[in-house]
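Source file: start23.cif. Holds: mmCIF, C-alpha atoms and all ligand atoms.
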data_work
#
loop_
_atom_site.label_atom_id
_atom_site.label_comp_id
_atom_site.auth_asym_id
_atom_site.auth_seq_id
_atom_site.Cartn_x
_atom_site.Cartn_y
_atom_site.Cartn_z
CA MET A 298 -17.58 2.88 29.04
CA SER A 299 -17.17 0.62 26.04
CA LYS A 300 -14.07 0.81 23.94
CA GLN A 301 -14.68 2.45 20.61
CA GLY A 302 -13.79 0.39 17.55
CA PRO A 303 -11.41 1.56 14.87
CA CYS A 304 -12.66 4.07 12.37
CA LYS A 305 -14.15 2.03 9.53
CA GLY A 306 -13.18 4.59 6.94
CA CYS A 307 -9.57 4.61 8.09
CA SER A 308 -9.05 0.92 8.76
CA GLU A 309 -9.77 -0.47 5.36
CA SER A 310 -7.85 -0.09 2.17
CA ILE A 311 -9.27 2.78 0.20
CA GLU A 312 -9.59 2.30 -3.50
CA VAL A 313 -10.96 5.20 -5.47
CA SER A 314 -11.22 4.80 -9.21
CA PRO A 315 -9.88 7.51 -11.52
CA GLU A 316 -13.50 8.14 -12.56
CA LYS A 317 -14.51 8.83 -8.95
CA VAL A 318 -11.49 11.09 -8.42
CA GLU A 319 -12.46 13.04 -11.54
CA ALA A 320 -16.10 13.26 -10.42
CA MET A 321 -15.07 14.55 -6.98
CA LEU A 322 -12.75 17.13 -8.54
CA GLN A 323 -15.48 18.32 -10.88
CA MET A 324 -17.85 18.65 -7.92
CA LEU A 325 -15.26 20.72 -6.04
CA ILE A 326 -14.66 22.91 -9.09
CA SER A 327 -18.36 23.58 -9.64
CA SER A 328 -19.45 23.93 -6.02
CA ARG A 329 -16.40 25.59 -4.44
CA ASN A 330 -14.59 27.15 -7.38
CA VAL A 331 -11.37 25.31 -6.59
CA GLU A 332 -8.52 25.62 -9.06
CA LEU A 333 -6.47 22.64 -10.08
CA ALA A 334 -2.70 22.49 -10.03
CA ASP A 335 -0.96 21.76 -13.32
CA GLU A 336 -0.25 18.11 -14.05
CA GLU A 337 3.50 18.34 -13.38
CA THR A 338 2.91 19.86 -9.95
CA SER A 339 0.25 17.28 -9.09
CA ALA A 340 2.51 14.42 -10.17
CA LYS A 341 5.42 15.71 -8.07
CA ARG A 342 3.18 16.09 -5.06
CA LEU A 343 1.79 12.58 -5.48
CA ASP A 344 5.32 11.16 -5.73
CA GLN A 345 6.08 12.80 -2.38
CA CYS A 346 2.95 11.29 -0.86
CA LEU A 347 3.72 7.81 -2.11
CA SER A 348 7.06 7.82 -0.26
CA CYS A 349 5.76 9.57 2.86
CA THR A 350 5.25 7.94 6.26
CA GLY A 351 1.96 9.81 6.41
CA TYR A 352 0.56 7.88 3.45
CA VAL A 353 -1.74 5.22 4.87
CA TYR A 354 -4.44 2.77 3.84
CA GLY A 355 -3.53 2.92 0.20
CA GLY A 356 -4.60 6.48 -0.43
CA THR A 357 -5.12 8.61 2.66
CA CYS A 358 -2.94 11.18 4.38
CA LYS A 359 -2.90 10.39 8.09
CA TYR A 360 -2.36 14.04 9.00
CA CYS A 361 -5.40 15.53 7.31
CA GLY A 362 -7.53 12.53 6.39
CA CYS A 363 -7.66 13.61 2.76
CA LEU A 364 -7.48 11.33 -0.21
CA VAL A 365 -4.09 12.25 -1.61
CA GLN A 366 -5.34 11.69 -5.17
CA ILE A 367 -7.60 14.69 -4.57
CA ARG A 368 -5.48 16.88 -2.31
CA THR A 369 -2.44 16.80 -4.58
CA LYS A 370 -4.51 18.07 -7.51
CA ILE A 371 -5.91 21.16 -5.82
CA LYS A 372 -3.80 24.23 -6.51
CA ASP A 373 -3.92 26.00 -3.16
CA ARG A 374 -3.58 22.96 -0.91
CA VAL A 375 -0.40 22.40 1.05
CA CYS A 376 1.09 19.31 2.61
CA PRO A 377 0.09 19.04 6.29
CA TYR A 378 3.20 17.10 7.34
CA PRO A 379 4.18 18.46 10.77
CA LEU A 380 6.95 21.09 10.83
CA THR A 381 8.45 20.19 7.45
CA PRO A 382 5.75 20.01 4.76
CA LYS A 383 6.86 17.85 1.86
CA TRP A 384 5.19 20.00 -0.81
S1 LIG B 401 1.92 14.42 4.90
FE1 LIG B 401 2.06 15.45 2.90
S2 LIG B 401 3.34 14.12 1.64
FE2 LIG B 401 2.68 12.94 3.41
S3 LIG B 401 0.85 11.84 2.69
FE3 LIG B 401 0.17 13.75 3.69
S4 LIG B 401 -0.02 15.25 2.03
FE4 LIG B 401 1.23 13.53 1.26
#

Spell out the structure here as structure tokens.
Ligand code: SF4
Amino acid sequence: MSKQGPCKGCSESIEVSPEKVEAMLQMLISSRNVELADEETSAKRLDQCLSCTGYVYGGTCKYCGCLVQIRTKIKDRVCPYPLTPKW
């Protein structure tokens, strides 16, 4: 059996422009009726992510695989940090 290489999507730095984040959020709002958190809540969540050991590859949460720029903005999402969620 050959050894599987690293996941391409998780081994490279992920840079998502603010325009792409906004486009993805708009898609989620229109297709899944998601509600956004208020800006203060989103900013506090993102601050937690930026100092978290689960924050990897410049934008991804290693516990859920989400882009934190998206996850922190969705109202009903929670932090997946094991045992002691950070937000
Ligand atoms: S575990 Fe929570 S705080 Fe840490 S990067 Fe993931 S979502 Fe952010």

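Near Ser314 of chain A, within 12 Å and counting all atoms listed in the file, sit Val318, Glu319, Ala320, Met321, Gly356, Leu364, Gln366 and Ile367 of chain A, not including residues fewer than 4 positions from it in the same chain.
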
Just-selected residues, C-alpha atoms written as a PDB file, keeping the file's coordinate frame:
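Printed below is again04.pdb as written:
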ATOM      1  CA  VAL A 318     -11.490  11.090  -8.420  1.00  0.00           C
ATOM      2  CA  GLU A 319     -12.460  13.040 -11.540  1.00  0.00           C
ATOM      3  CA  ALA A 320     -16.100  13.260 -10.420  1.00  0.00           C
ATOM      4  CA  MET A 321     -15.070  14.550  -6.980  1.00  0.00           C
ATOM      5  CA  GLY A 356      -4.600   6.480  -0.430  1.00  0.00           C
ATOM      6  CA  LEU A 364      -7.480  11.330  -0.210  1.00  0.00           C
ATOM      7  CA  GLN A 366      -5.340  11.690  -5.170  1.00  0.00           C
ATOM      8  CA  ILE A 367      -7.600  14.690  -4.570  1.00  0.00           C
TER       9      ILE A 367
END

In Å, how far is it from atom CA of Thr381 of chain A to atom S1 of ligand LIG 401 (chain B)?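 Atom-to-atom, atom CA of Thr381 of chain A to atom S1 of ligand LIG 401 (chain B), that is 9.1 Å.
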
Contacts of ligand LIG 401 (chain B), 8 Å or closer, all atoms listed in the file, given as a ChimeraX atom specification: /A:342-343,345-353,357-361,363,365,368-369,375-379,382-384

Report the distance between atom CA of Lys372 of chain A and atom CA of Glu332 of chain A in Å, rounded to one decimal place. 5.5 Å

Return the padded bounding box of segment 364-379 of chain A as AutoDock Vina command-line options: axis-aligned, built from all atoms listed in the file, 5 Å added on each side, with centre and edge lengths in Å to one decimal.
--center_x -1.7 --center_y 18.7 --center_z 1.6 --size_x 21.8 --size_y 24.7 --size_z 28.3

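Using all atoms listed in the file, the nearest neighbour of Ile326 of chain A within the list A:Val313, A:Tyr354, A:Leu380, A:Ile371 is A:Ile371.
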
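You will find atom CA of Pro315 of chain A at 12.5 Å from atom CA of Lys370 of chain A.
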